file data-v2.pdb (PDB, C-alpha atoms)
ATOM      1  CA  MET A   1      10.281-224.296 -59.635
ATOM      2  CA  ASP A   2       9.526-225.022 -63.266
ATOM      3  CA  GLY A   3      12.774-223.622 -64.632
ATOM      4  CA  VAL A   4      15.981-225.174 -65.802
ATOM      5  CA  HIS A   5      17.107-225.484 -62.169
ATOM      6  CA  ASP A   6      14.795-228.471 -61.664
ATOM      7  CA  ILE A   7      16.848-230.670 -63.882
ATOM      8  CA  GLY A   8      15.845-234.263 -63.051
ATOM      9  CA  GLY A   9      14.843-236.197 -66.157
ATOM     10  CA  ARG A  10      15.660-233.463 -68.661
ATOM     11  CA  GLN A  11      17.067-234.800 -71.891
ATOM     12  CA  GLY A  12      19.982-233.885 -74.077
ATOM     13  CA  PHE A  13      22.871-234.202 -71.614
ATOM     14  CA  GLY A  14      26.068-236.003 -72.537
ATOM     15  CA  PRO A  15      28.274-238.488 -70.738
ATOM     16  CA  ILE A  16      29.209-238.201 -67.062
ATOM     17  CA  ALA A  17      32.836-237.631 -66.048
ATOM     18  CA  VAL A  18      33.106-240.919 -64.168
ATOM     19  CA  ASP A  19      36.894-240.987 -63.804
ATOM     20  CA  GLU A  20      37.145-238.220 -61.238
ATOM     21  CA  THR A  21      39.681-238.649 -58.453
ATOM     22  CA  VAL A  22      38.273-239.031 -54.936
ATOM     23  CA  GLU A  23      39.778-236.067 -53.080
ATOM     24  CA  PRO A  24      37.122-233.749 -51.584
ATOM     25  CA  PHE A  25      38.256-230.545 -53.312
ATOM     26  CA  HIS A  26      39.870-230.431 -56.735
ATOM     27  CA  ALA A  27      41.288-226.922 -56.424
ATOM     28  CA  PRO A  28      42.049-224.703 -53.413
ATOM     29  CA  TRP A  29      39.296-222.229 -54.363
ATOM     30  CA  GLU A  30      36.669-224.999 -54.165
ATOM     31  CA  GLY A  31      37.624-225.611 -50.548
ATOM     32  CA  ARG A  32      37.611-221.870 -49.758
ATOM     33  CA  MET A  33      34.133-221.544 -51.277
ATOM     34  CA  TYR A  34      32.829-224.505 -49.313
ATOM     35  CA  GLY A  35      34.266-223.057 -46.110
ATOM     36  CA  ILE A  36      32.757-219.642 -46.843
ATOM     37  CA  ALA A  37      29.326-221.155 -47.485
ATOM     38  CA  ARG A  38      29.468-223.118 -44.236
ATOM     39  CA  GLY A  39      31.161-220.461 -42.132
ATOM     40  CA  ILE A  40      29.365-217.249 -43.078
ATOM     41  CA  ARG A  41      27.181-215.528 -40.521
ATOM     42  CA  GLN A  42      23.632-215.875 -41.782
ATOM     43  CA  PRO A  43      21.107-213.045 -41.702
ATOM     44  CA  PRO A  44      18.172-213.406 -39.280
ATOM     45  CA  GLY A  45      15.291-215.378 -40.731
ATOM     46  CA  TRP A  46      17.491-217.043 -43.319
ATOM     47  CA  ASN A  47      16.457-220.597 -44.199
ATOM     48  CA  ILE A  48      16.867-223.290 -46.832
ATOM     49  CA  ASP A  49      13.923-221.991 -48.841
ATOM     50  CA  TRP A  50      15.602-218.612 -49.218
ATOM     51  CA  TRP A  51      18.723-220.440 -50.280
ATOM     52  CA  ARG A  52      16.804-222.413 -52.895
ATOM     53  CA  HIS A  53      15.116-219.269 -54.140
ATOM     54  CA  GLY A  54      18.514-217.652 -54.558
ATOM     55  CA  ARG A  55      19.743-220.662 -56.435
ATOM     56  CA  GLU A  56      16.793-220.572 -58.810
ATOM     57  CA  LEU A  57      17.534-216.948 -59.606
ATOM     58  CA  ILE A  58      20.783-218.006 -61.280
ATOM     59  CA  ASP A  59      20.698-217.264 -64.976
ATOM     60  CA  PRO A  60      20.076-220.526 -66.902
ATOM     61  CA  HIS A  61      23.219-220.058 -68.986
ATOM     62  CA  ASP A  62      25.341-219.716 -65.846
ATOM     63  CA  TYR A  63      23.489-222.571 -64.154
ATOM     64  CA  LEU A  64      24.418-224.985 -66.903
ATOM     65  CA  SER A  65      27.928-223.766 -67.588
ATOM     66  CA  ARG A  66      29.648-222.527 -64.452
ATOM     67  CA  PRO A  67      31.291-225.093 -62.139
ATOM     68  CA  TYR A  68      29.409-226.217 -59.038
ATOM     69  CA  TYR A  69      31.275-224.185 -56.450
ATOM     70  CA  ASP A  70      31.132-221.172 -58.704
ATOM     71  CA  GLN A  71      27.327-221.490 -58.772
ATOM     72  CA  ARG A  72      27.315-221.902 -55.049
ATOM     73  CA  MET A  73      29.053-218.551 -54.857
ATOM     74  CA  GLN A  74      26.319-216.993 -56.987
ATOM     75  CA  THR A  75      23.695-218.431 -54.705
TER      76      THR A  75
ATOM     77  CA  MET B   1      60.529-206.304 -92.084
ATOM     78  CA  PRO B   2      58.992-207.811 -88.966
ATOM     79  CA  THR B   3      57.068-211.039 -89.427
ATOM     80  CA  TYR B   4      53.898-211.925 -87.579
ATOM     81  CA  ASP B   5      53.455-215.583 -86.715
ATOM     82  CA  SER B   6      49.933-215.906 -85.356
ATOM     83  CA  ASP B   7      50.500-219.430 -84.040
ATOM     84  CA  ARG B   8      53.520-218.313 -82.071
ATOM     85  CA  VAL B   9      51.741-215.257 -80.684
ATOM     86  CA  GLY B  10      48.806-217.467 -79.712
ATOM     87  CA  ARG B  11      51.112-219.848 -77.861
ATOM     88  CA  ILE B  12      52.747-217.005 -75.948
ATOM     89  CA  HIS B  13      49.352-215.524 -75.111
ATOM     90  CA  ARG B  14      48.032-218.823 -73.743
ATOM     91  CA  GLU B  15      51.227-219.475 -71.826
ATOM     92  CA  LEU B  16      51.014-216.083 -70.108
ATOM     93  CA  HIS B  17      47.365-216.593 -69.228
ATOM     94  CA  SER B  18      47.934-220.105 -67.918
ATOM     95  CA  HIS B  19      49.709-218.525 -64.953
ATOM     96  CA  LEU B  20      46.648-216.509 -63.938
ATOM     97  CA  PRO B  21      44.156-217.933 -61.458
ATOM     98  CA  SER B  22      40.823-219.021 -62.968
ATOM     99  CA  ASP B  23      37.825-216.686 -62.938
ATOM    100  CA  SER B  24      36.239-218.836 -60.251
ATOM    101  CA  ALA B  25      39.325-218.655 -58.035
ATOM    102  CA  LEU B  26      39.482-214.884 -58.390
ATOM    103  CA  ARG B  27      35.779-214.457 -57.618
ATOM    104  CA  VAL B  28      36.045-216.600 -54.481
ATOM    105  CA  LYS B  29      39.064-214.623 -53.301
ATOM    106  CA  ALA B  30      37.219-211.347 -53.819
ATOM    107  CA  LEU B  31      34.129-212.660 -52.031
ATOM    108  CA  GLU B  32      36.129-213.891 -49.045
ATOM    109  CA  SER B  33      38.026-210.600 -48.682
ATOM    110  CA  LEU B  34      34.792-208.642 -48.813
ATOM    111  CA  LEU B  35      33.005-210.814 -46.240
ATOM    112  CA  VAL B  36      35.959-210.665 -43.856
ATOM    113  CA  GLU B  37      36.222-206.907 -44.283
ATOM    114  CA  LYS B  38      32.525-206.500 -43.447
ATOM    115  CA  GLY B  39      32.874-208.710 -40.384
ATOM    116  CA  LEU B  40      30.542-211.404 -41.719
ATOM    117  CA  LEU B  41      33.162-214.127 -41.886
ATOM    118  CA  ASP B  42      36.162-215.290 -39.899
ATOM    119  CA  PRO B  43      38.777-216.790 -42.244
ATOM    120  CA  ARG B  44      39.718-219.293 -39.516
ATOM    121  CA  THR B  45      36.210-220.722 -39.775
ATOM    122  CA  VAL B  46      36.815-221.355 -43.468
ATOM    123  CA  ASP B  47      40.102-223.108 -42.628
ATOM    124  CA  ALA B  48      38.329-225.217 -40.017
ATOM    125  CA  TRP B  49      35.628-226.384 -42.455
ATOM    126  CA  ILE B  50      38.227-227.309 -45.066
ATOM    127  CA  GLU B  51      40.252-229.202 -42.471
ATOM    128  CA  ALA B  52      37.178-231.076 -41.207
ATOM    129  CA  TYR B  53      36.178-232.301 -44.642
ATOM    130  CA  SER B  54      39.715-232.987 -45.833
ATOM    131  CA  GLU B  55      40.961-234.853 -42.778
ATOM    132  CA  ARG B  56      38.225-236.119 -40.498
ATOM    133  CA  ILE B  57      34.955-236.488 -42.387
ATOM    134  CA  GLY B  58      34.859-238.600 -45.512
ATOM    135  CA  PRO B  59      33.765-241.877 -47.121
ATOM    136  CA  LYS B  60      35.891-243.832 -44.636
ATOM    137  CA  ARG B  61      33.094-243.287 -42.138
ATOM    138  CA  GLY B  62      30.511-244.739 -44.491
ATOM    139  CA  ALA B  63      32.772-247.727 -45.144
ATOM    140  CA  GLU B  64      33.039-248.360 -41.389
ATOM    141  CA  ILE B  65      29.249-248.273 -41.081
ATOM    142  CA  VAL B  66      28.847-250.745 -43.962
ATOM    143  CA  ALA B  67      31.495-253.127 -42.610
ATOM    144  CA  HIS B  68      29.916-252.996 -39.149
ATOM    145  CA  ALA B  69      26.513-253.823 -40.650
ATOM    146  CA  TRP B  70      28.002-256.778 -42.547
ATOM    147  CA  VAL B  71      29.371-258.429 -39.403
ATOM    148  CA  ASP B  72      26.678-257.440 -36.896
ATOM    149  CA  PRO B  73      23.157-258.472 -37.994
ATOM    150  CA  SER B  74      21.455-256.637 -35.144
ATOM    151  CA  PHE B  75      23.236-253.372 -36.048
ATOM    152  CA  ARG B  76      22.271-253.976 -39.670
ATOM    153  CA  ALA B  77      18.624-254.295 -38.639
ATOM    154  CA  ARG B  78      18.802-251.090 -36.574
ATOM    155  CA  LEU B  79      20.563-249.298 -39.426
ATOM    156  CA  LEU B  80      17.886-250.219 -41.954
ATOM    157  CA  ASN B  81      15.130-249.388 -39.491
ATOM    158  CA  ASP B  82      16.450-245.938 -38.506
ATOM    159  CA  GLY B  83      19.742-244.857 -40.068
ATOM    160  CA  THR B  84      19.928-241.577 -38.147
ATOM    161  CA  GLU B  85      19.751-243.305 -34.760
ATOM    162  CA  ALA B  86      21.953-246.280 -35.657
ATOM    163  CA  VAL B  87      24.802-244.104 -36.953
ATOM    164  CA  LYS B  88      25.019-242.458 -33.514
ATOM    165  CA  GLU B  89      26.323-245.808 -32.243
ATOM    166  CA  MET B  90      29.436-245.339 -34.391
ATOM    167  CA  SER B  91      30.594-242.454 -32.157
ATOM    168  CA  PHE B  92      31.995-240.257 -34.909
ATOM    169  CA  GLY B  93      31.620-237.353 -32.498
ATOM    170  CA  ASP B  94      29.478-235.050 -34.610
ATOM    171  CA  ASN B  95      26.001-236.192 -35.455
ATOM    172  CA  ALA B  96      24.482-233.084 -36.952
ATOM    173  CA  THR B  97      23.118-235.119 -39.818
ATOM    174  CA  PRO B  98      19.642-234.695 -41.256
ATOM    175  CA  HIS B  99      17.558-237.849 -41.387
ATOM    176  CA  LEU B 100      19.475-240.692 -42.947
ATOM    177  CA  LYS B 101      17.758-243.561 -44.710
ATOM    178  CA  VAL B 102      19.859-246.616 -45.472
ATOM    179  CA  VAL B 103      18.748-248.663 -48.483
ATOM    180  CA  GLU B 104      19.990-252.193 -48.958
ATOM    181  CA  ASN B 105      21.212-253.843 -52.150
ATOM    182  CA  THR B 106      20.249-257.478 -52.676
ATOM    183  CA  PRO B 107      20.748-259.834 -55.614
ATOM    184  CA  ALA B 108      17.320-258.702 -56.858
ATOM    185  CA  VAL B 109      17.532-254.963 -56.076
ATOM    186  CA  HIS B 110      20.046-252.238 -56.839
ATOM    187  CA  ASN B 111      19.755-248.798 -55.219
ATOM    188  CA  VAL B 112      21.237-245.572 -56.521
ATOM    189  CA  VAL B 113      21.089-242.072 -55.023
ATOM    190  CA  VAL B 114      20.819-238.647 -56.658
ATOM    191  CA  CYS B 115      19.850-235.111 -55.742
ATOM    192  CA  THR B 116      18.089-233.859 -58.858
ATOM    193  CA  LEU B 117      17.581-230.368 -57.422
ATOM    194  CA  CYS B 118      21.144-229.701 -56.370
ATOM    195  CA  SER B 119      23.637-231.651 -54.282
ATOM    196  CA  CYS B 120      22.074-233.011 -51.056
ATOM    197  CA  TYR B 121      24.203-235.899 -49.839
ATOM    198  CA  PRO B 122      24.945-237.661 -46.523
ATOM    199  CA  THR B 123      28.049-235.529 -45.971
ATOM    200  CA  GLN B 124      28.492-236.534 -42.320
ATOM    201  CA  VAL B 125      29.133-240.117 -43.376
ATOM    202  CA  LEU B 126      30.485-239.725 -46.934
ATOM    203  CA  GLY B 127      32.165-236.302 -46.896
ATOM    204  CA  ILE B 128      32.049-233.952 -49.862
ATOM    205  CA  PRO B 129      30.073-235.306 -52.829
ATOM    206  CA  PRO B 130      32.026-235.923 -56.020
ATOM    207  CA  ASN B 131      31.675-233.329 -58.774
ATOM    208  CA  TRP B 132      29.879-235.787 -61.057
ATOM    209  CA  TYR B 133      27.172-236.183 -58.388
ATOM    210  CA  LYS B 134      26.580-232.421 -58.604
ATOM    211  CA  SER B 135      26.751-232.324 -62.409
ATOM    212  CA  ALA B 136      23.768-231.544 -64.617
ATOM    213  CA  GLU B 137      24.476-234.716 -66.623
ATOM    214  CA  TYR B 138      24.149-237.093 -63.679
ATOM    215  CA  ARG B 139      21.177-235.340 -62.085
ATOM    216  CA  ALA B 140      19.220-235.157 -65.313
ATOM    217  CA  ARG B 141      19.960-238.619 -66.639
ATOM    218  CA  ILE B 142      20.035-240.981 -63.653
ATOM    219  CA  VAL B 143      16.273-240.661 -63.111
ATOM    220  CA  ARG B 144      15.380-241.170 -66.787
ATOM    221  CA  ASP B 145      17.885-243.856 -67.744
ATOM    222  CA  PRO B 146      19.446-245.356 -64.595
ATOM    223  CA  ARG B 147      20.656-248.508 -66.338
ATOM    224  CA  GLY B 148      22.376-246.502 -69.057
ATOM    225  CA  VAL B 149      24.081-244.233 -66.521
ATOM    226  CA  LEU B 150      25.129-247.178 -64.349
ATOM    227  CA  ALA B 151      26.674-248.808 -67.435
ATOM    228  CA  GLU B 152      28.814-245.676 -67.863
ATOM    229  CA  PHE B 153      30.093-246.302 -64.343
ATOM    230  CA  GLY B 154      30.850-249.905 -65.298
ATOM    231  CA  VAL B 155      27.871-251.411 -63.476
ATOM    232  CA  SER B 156      25.961-253.897 -65.570
ATOM    233  CA  LEU B 157      22.697-255.193 -64.182
ATOM    234  CA  GLY B 158      20.695-258.171 -65.285
ATOM    235  CA  ALA B 159      17.286-257.393 -66.764
ATOM    236  CA  ASP B 160      15.705-259.074 -63.746
ATOM    237  CA  THR B 161      17.470-256.802 -61.237
ATOM    238  CA  GLU B 162      15.182-254.032 -60.096
ATOM    239  CA  VAL B 163      16.689-250.510 -59.926
ATOM    240  CA  ARG B 164      15.499-248.043 -57.307
ATOM    241  CA  VAL B 165      16.545-244.411 -57.681
ATOM    242  CA  TRP B 166      16.324-242.285 -54.521
ATOM    243  CA  ASP B 167      16.060-238.516 -54.916
ATOM    244  CA  SER B 168      17.525-236.727 -51.889
ATOM    245  CA  THR B 169      16.099-233.681 -50.159
ATOM    246  CA  ALA B 170      17.459-231.202 -47.648
ATOM    247  CA  GLU B 171      15.713-233.177 -44.885
ATOM    248  CA  LEU B 172      16.376-236.757 -45.971
ATOM    249  CA  ARG B 173      19.630-238.242 -47.237
ATOM    250  CA  TYR B 174      20.342-241.759 -48.450
ATOM    251  CA  LEU B 175      23.171-244.238 -47.991
ATOM    252  CA  VAL B 176      23.336-247.451 -50.018
ATOM    253  CA  LEU B 177      24.288-250.585 -48.089
ATOM    254  CA  PRO B 178      26.105-252.653 -50.715
ATOM    255  CA  GLU B 179      26.136-256.448 -50.670
ATOM    256  CA  ARG B 180      28.999-258.069 -48.810
ATOM    257  CA  PRO B 181      31.229-259.541 -51.506
ATOM    258  CA  ARG B 182      31.934-263.250 -51.785
ATOM    259  CA  GLY B 183      35.332-264.473 -50.713
ATOM    260  CA  THR B 184      35.443-262.332 -47.579
ATOM    261  CA  ALA B 185      34.356-264.909 -45.001
ATOM    262  CA  GLY B 186      36.209-264.434 -41.731
ATOM    263  CA  TRP B 187      37.491-260.958 -42.566
ATOM    264  CA  ASP B 188      37.458-258.483 -39.695
ATOM    265  CA  GLU B 189      35.691-255.119 -39.908
ATOM    266  CA  ALA B 190      38.781-253.073 -40.691
ATOM    267  CA  ARG B 191      39.667-255.296 -43.634
ATOM    268  CA  LEU B 192      36.081-255.325 -44.881
ATOM    269  CA  ALA B 193      35.853-251.533 -44.663
ATOM    270  CA  ARG B 194      38.762-251.237 -47.063
ATOM    271  CA  VAL B 195      36.833-252.909 -49.906
ATOM    272  CA  VAL B 196      33.877-250.524 -49.586
ATOM    273  CA  THR B 197      34.157-247.827 -52.243
ATOM    274  CA  ARG B 198      32.553-244.423 -51.993
ATOM    275  CA  ASN B 199      30.635-245.019 -55.221
ATOM    276  CA  SER B 200      29.201-248.285 -53.877
ATOM    277  CA  MET B 201      27.533-246.273 -51.101
ATOM    278  CA  ILE B 202      26.015-243.886 -53.673
ATOM    279  CA  GLY B 203      25.035-246.796 -55.906
ATOM    280  CA  THR B 204      27.280-246.172 -58.908
ATOM    281  CA  ASP B 205      29.362-249.224 -58.010
ATOM    282  CA  ARG B 206      27.964-252.652 -57.105
ATOM    283  CA  ASP B 207      30.238-255.688 -57.098
ATOM    284  CA  LEU B 208      32.853-255.225 -54.370
ATOM    285  CA  SER B 209      34.374-258.676 -54.651
ATOM    286  CA  PRO B 210      38.178-258.640 -54.826
ATOM    287  CA  LYS B 211      37.897-260.478 -58.145
ATOM    288  CA  ALA B 212      35.770-257.708 -59.701
ATOM    289  CA  ARG B 213      38.312-255.122 -58.471
ATOM    290  CA  GLU B 214      41.160-256.886 -60.253
ATOM    291  CA  VAL B 215      39.261-256.842 -63.536
ATOM    292  CA  ALA B 216      38.352-253.161 -63.154
TER     293      ALA B 216
END
call {"tool": "encode", "arguments": {"input": "data-v2.pdb", "output": "structure tokens"}}
result
Amino acid sequence: MDGVHDIGGRQGFGPIAVDETVEPFHAPWEGRMYGIARGIRQPPGWNIDWWRHGRELIDPHDYLSRPYYDQRMQT
Amino acid sequence: MPTYDSDRVGRIHRELHSHLPSDSALRVKALESLLVEKGLLDPRTVDAWIEAYSERIGPKRGAEIVAHAWVDPSFRARLLNDGTEAVKEMSFGDNATPHLKVVENTPAVHNVVVCTLCSCYPTQVLGIPPNWYKSAEYRARIVRDPRGVLAEFGVSLGADTEVRVWDSTAELRYLVLPERPRGTAGWDEARLARVVTRNSMIGTDRDLSPKAREVA
């Protein structure tokens, strides 16, 4: 919980891409990944804490460089 | 004697590769095939989720809630008191939302929402969060320098306007109730809903007056 994944307030980040268009998915694979994450059969005993743990196991380099839905796939 | 033009070869190389799907797209395809093969996923479920969040569920719902609150003071009071319960009155059909807290902008207060840990968001009323909301830049900076970040979004606040930053969790999501813009007296709900932007319900937009839109 003290790794790079807890990012609030960390310094050194550049400008935000504010001019994004409003559609929900910006490429077909983003939609597929979202659907997979929502639609997959979950193992017994699975919960949000396991999910968070998985997310925090992502390598810091990947966490800061791969696109959001790509990270979600790693999780 | 053959000549080697590295610029030309580079151009051809990039052109050929531009027709390949991205690494991310290929990984997702591989993952989906594997899950389907192992019987852990039905591809129709994936289609259904995409359809739901492309067609039915999106920021239009949030805009309807805001417009309803602007014209109906008793709904507004219920919404601010218990967002989760009040939204059920809108009969969107699916109410599987975690707890929803609605925070109200006033001339003296501006609210803005983030999920510093990841991407929690009131998806049932706003749909899929924008990519900037999920970006490291926004999550890191909005809590340290909210005024600076809001300026990047074109929101300038007076020094006497208080800024409240709400950090979402898996259990509690936030929706900003923007101020009803001037010059909209007598407008019906449908017309009002059309001036409510998605960003105004996250807090990265503030002045919804038709005049401010023209300038922007």
call {"tool": "closest_residue", "arguments": {"input": "data-v2.pdb", "among": "B:Asp160, B:Glu152, B:Glu179, B:Asp205", "to": "Gly14 in chain A", "atoms": "all atoms listed in the file"}}
result
B:Glu152
call {"tool": "closest_residue", "arguments": {"input": "data-v2.pdb", "among": "B:Ser74, B:Thr106, B:Thr3, B:Ser168", "to": "chain A", "atoms": "all atoms listed in the file"}}
result
B:Ser168
call {"tool": "closest_atom_pairs", "arguments": {"input": "data-v2.pdb", "of": "chain B", "to": "chain A", "cutoff": "6 Å", "atoms": "all atoms listed in the file", "output": "JSON lines"}}
result
{"residue": "B:Ser24", "atom": "CA", "partner": "A:Asp70", "partner_atom": "CA", "distance": 5.8}
{"residue": "B:Ala25", "atom": "CA", "partner": "A:Trp29", "partner_atom": "CA", "distance": 5.1}
{"residue": "B:Leu40", "atom": "CA", "partner": "A:Arg41", "partner_atom": "CA", "distance": 5.5}
{"residue": "B:Leu41", "atom": "CA", "partner": "A:Ile40", "partner_atom": "CA", "distance": 5.1}
{"residue": "B:Thr45", "atom": "CA", "partner": "A:Gly39", "partner_atom": "CA", "distance": 5.6}
{"residue": "B:Val46", "atom": "CA", "partner": "A:Gly35", "partner_atom": "CA", "distance": 4.0}
{"residue": "B:Trp49", "atom": "CA", "partner": "A:Gly35", "partner_atom": "CA", "distance": 5.1}
{"residue": "B:Ile50", "atom": "CA", "partner": "A:Gly31", "partner_atom": "CA", "distance": 5.8}
{"residue": "B:Thr116", "atom": "CA", "partner": "A:Gly8", "partner_atom": "CA", "distance": 4.8}
{"residue": "B:Leu117", "atom": "CA", "partner": "A:Asp6", "partner_atom": "CA", "distance": 5.4}
{"residue": "B:Ile128", "atom": "CA", "partner": "A:Pro24", "partner_atom": "CA", "distance": 5.4}
{"residue": "B:Glu137", "atom": "CA", "partner": "A:Phe13", "partner_atom": "CA", "distance": 5.3}
{"residue": "B:Arg139", "atom": "CA", "partner": "A:Gly8", "partner_atom": "CA", "distance": 5.5}
{"residue": "B:Ala140", "atom": "CA", "partner": "A:Gly8", "partner_atom": "CA", "distance": 4.2}
{"residue": "B:Arg141", "atom": "CA", "partner": "A:Gly9", "partner_atom": "CA", "distance": 5.7}
{"residue": "B:Val143", "atom": "CA", "partner": "A:Gly9", "partner_atom": "CA", "distance": 5.6}
{"residue": "B:Arg144", "atom": "CA", "partner": "A:Gly9", "partner_atom": "CA", "distance": 5.0}
call {"tool": "atom_distance", "arguments": {"input": "data-v2.pdb", "atom1": "CA of Leu150 in chain B", "atom2": "CA of Thr204 in chain B"}}
result
5.9 Å
call {"tool": "resolve_selection", "arguments": {"input": "data-v2.pdb", "expression": "the PyMOL selection byres ((chain B and resi 65) around 12)", "output": "VMD selection string"}}
result
chain B and resid 59 to 64 66 to 72 75 to 76 78 to 80 83 to 84 86 to 92 102 124 to 126 175 to 178 189 to 190 192 to 194 196 201
call {"tool": "atom_distance", "arguments": {"input": "data-v2.pdb", "atom1": "CA of Gly127 in chain B", "atom2": "CA of Pro98 in chain B"}}
result
13.8 Å
call {"tool": "resolve_selection", "arguments": {"input": "data-v2.pdb", "expression": "the PyMOL selection byres ((chain B and resi 119) around 9)", "output": "ChimeraX atom specification"}}
result
/B:114-118,120-121,129,133-135,139,168-169
call {"tool": "atom_distance", "arguments": {"input": "data-v2.pdb", "atom1": "CA of Leu57 in chain A", "atom2": "CA of Ala136 in chain B"}}
result
16.6 Å
call {"tool": "residues_around", "arguments": {"input": "data-v2.pdb", "residues": "Trp166 in chain B", "least_positions_apart": "6", "cutoff": "8 Å", "atoms": "all atoms listed in the file", "output": "PDB file with C-alpha atoms, keeping the file's coordinate frame"}}
result
ATOM      1  CA  ASN B 111      19.755-248.798 -55.219  1.00  0.00           C
ATOM      2  CA  VAL B 112      21.237-245.572 -56.521  1.00  0.00           C
ATOM      3  CA  VAL B 113      21.089-242.072 -55.023  1.00  0.00           C
ATOM      4  CA  VAL B 114      20.819-238.647 -56.658  1.00  0.00           C
ATOM      5  CA  TYR B 174      20.342-241.759 -48.450  1.00  0.00           C
TER       6      TYR B 174
END
call {"tool": "resolve_selection", "arguments": {"input": "data-v2.pdb", "expression": "the PyMOL selection byres ((chain B and resi 154) around 12)", "output": "ChimeraX atom specification"}}
result
/A:16,18-19 /B:147-153,155-157,199-200,203-207,212-213,215-216
call {"tool": "write_last_selection", "arguments": {"input": "data-v2.pdb", "atoms": "C-alpha atoms", "output": "short mmCIF file (atom, residue, chain, number, x, y, z; two decimals), keeping the file's coordinate frame"}}
result
data_model
loop_
_atom_site.label_atom_id
_atom_site.label_comp_id
_atom_site.auth_asym_id
_atom_site.auth_seq_id
_atom_site.Cartn_x
_atom_site.Cartn_y
_atom_site.Cartn_z
CA ILE A 16 29.21 -238.20 -67.06
CA VAL A 18 33.11 -240.92 -64.17
CA ASP A 19 36.89 -240.99 -63.80
CA ARG B 147 20.66 -248.51 -66.34
CA GLY B 148 22.38 -246.50 -69.06
CA VAL B 149 24.08 -244.23 -66.52
CA LEU B 150 25.13 -247.18 -64.35
CA ALA B 151 26.67 -248.81 -67.44
CA GLU B 152 28.81 -245.68 -67.86
CA PHE B 153 30.09 -246.30 -64.34
CA VAL B 155 27.87 -251.41 -63.48
CA SER B 156 25.96 -253.90 -65.57
CA LEU B 157 22.70 -255.19 -64.18
CA ASN B 199 30.64 -245.02 -55.22
CA SER B 200 29.20 -248.28 -53.88
CA GLY B 203 25.04 -246.80 -55.91
CA THR B 204 27.28 -246.17 -58.91
CA ASP B 205 29.36 -249.22 -58.01
CA ARG B 206 27.96 -252.65 -57.10
CA ASP B 207 30.24 -255.69 -57.10
CA ALA B 212 35.77 -257.71 -59.70
CA ARG B 213 38.31 -255.12 -58.47
CA VAL B 215 39.26 -256.84 -63.54
CA ALA B 216 38.35 -253.16 -63.15
#
call {"tool": "axis_aligned_box", "arguments": {"input": "data-v2.pdb", "around": "range 42-59 of chain A", "padding_each_side": "8 Å", "output": "JSON"}}
result
{"center_x": 18.8, "center_y": -218.2, "center_z": -52.1, "size_x": 25.7, "size_y": 26.2, "size_z": 41.7}
call {"tool": "closest_residue", "arguments": {"input": "data-v2.pdb", "among": "B:Lys38, B:Asp167, B:Ser6, B:Gly93", "to": "Ile57 in chain B", "atoms": "only C-alpha atoms"}}
result
B:Gly93
call {"tool": "decode", "arguments": {"input": "data-v2.pdb", "residues": "range 20-56 of chain B", "atoms": "C-alpha atoms", "output": "short mmCIF file (atom, residue, chain, number, x, y, z; two decimals), in the first residue's frame"}}
result
data_model
loop_
_atom_site.label_atom_id
_atom_site.label_comp_id
_atom_site.auth_asym_id
_atom_site.auth_seq_id
_atom_site.Cartn_x
_atom_site.Cartn_y
_atom_site.Cartn_z
CA LEU B 20 -0.95 -4.28 -37.18
CA PRO B 21 -3.18 -4.15 -34.12
CA SER B 22 -1.58 -2.59 -31.03
CA ASP B 23 0.05 -4.76 -28.37
CA SER B 24 -2.88 -4.05 -26.06
CA ALA B 25 -5.43 -5.12 -28.68
CA LEU B 26 -3.55 -8.34 -29.34
CA ARG B 27 -3.23 -9.15 -25.63
CA VAL B 28 -6.95 -8.60 -25.05
CA LYS B 29 -7.82 -10.82 -28.00
CA ALA B 30 -5.56 -13.58 -26.68
CA LEU B 31 -7.01 -13.25 -23.18
CA GLU B 32 -10.60 -13.42 -24.42
CA SER B 33 -9.94 -16.49 -26.58
CA LEU B 34 -8.28 -18.26 -23.68
CA LEU B 35 -11.06 -17.48 -21.20
CA VAL B 36 -13.75 -18.60 -23.65
CA GLU B 37 -11.84 -21.78 -24.43
CA LYS B 38 -11.58 -22.59 -20.71
CA GLY B 39 -15.29 -21.95 -20.21
CA LEU B 40 -14.74 -18.99 -17.88
CA LEU B 41 -16.33 -16.42 -20.15
CA ASP B 42 -19.23 -16.18 -22.56
CA PRO B 43 -18.38 -13.74 -25.38
CA ARG B 44 -22.05 -12.67 -25.49
CA THR B 45 -21.65 -11.35 -21.95
CA VAL B 46 -18.81 -9.15 -23.16
CA ASP B 47 -21.02 -7.87 -26.01
CA ALA B 48 -23.81 -7.16 -23.54
CA TRP B 49 -21.57 -5.10 -21.23
CA ILE B 50 -20.24 -3.07 -24.15
CA GLU B 51 -23.77 -2.46 -25.41
CA ALA B 52 -25.00 -1.40 -21.96
CA TYR B 53 -22.28 1.18 -21.49
CA SER B 54 -22.31 2.40 -25.08
CA GLU B 55 -26.06 2.76 -25.50
CA ARG B 56 -27.99 2.84 -22.25
#
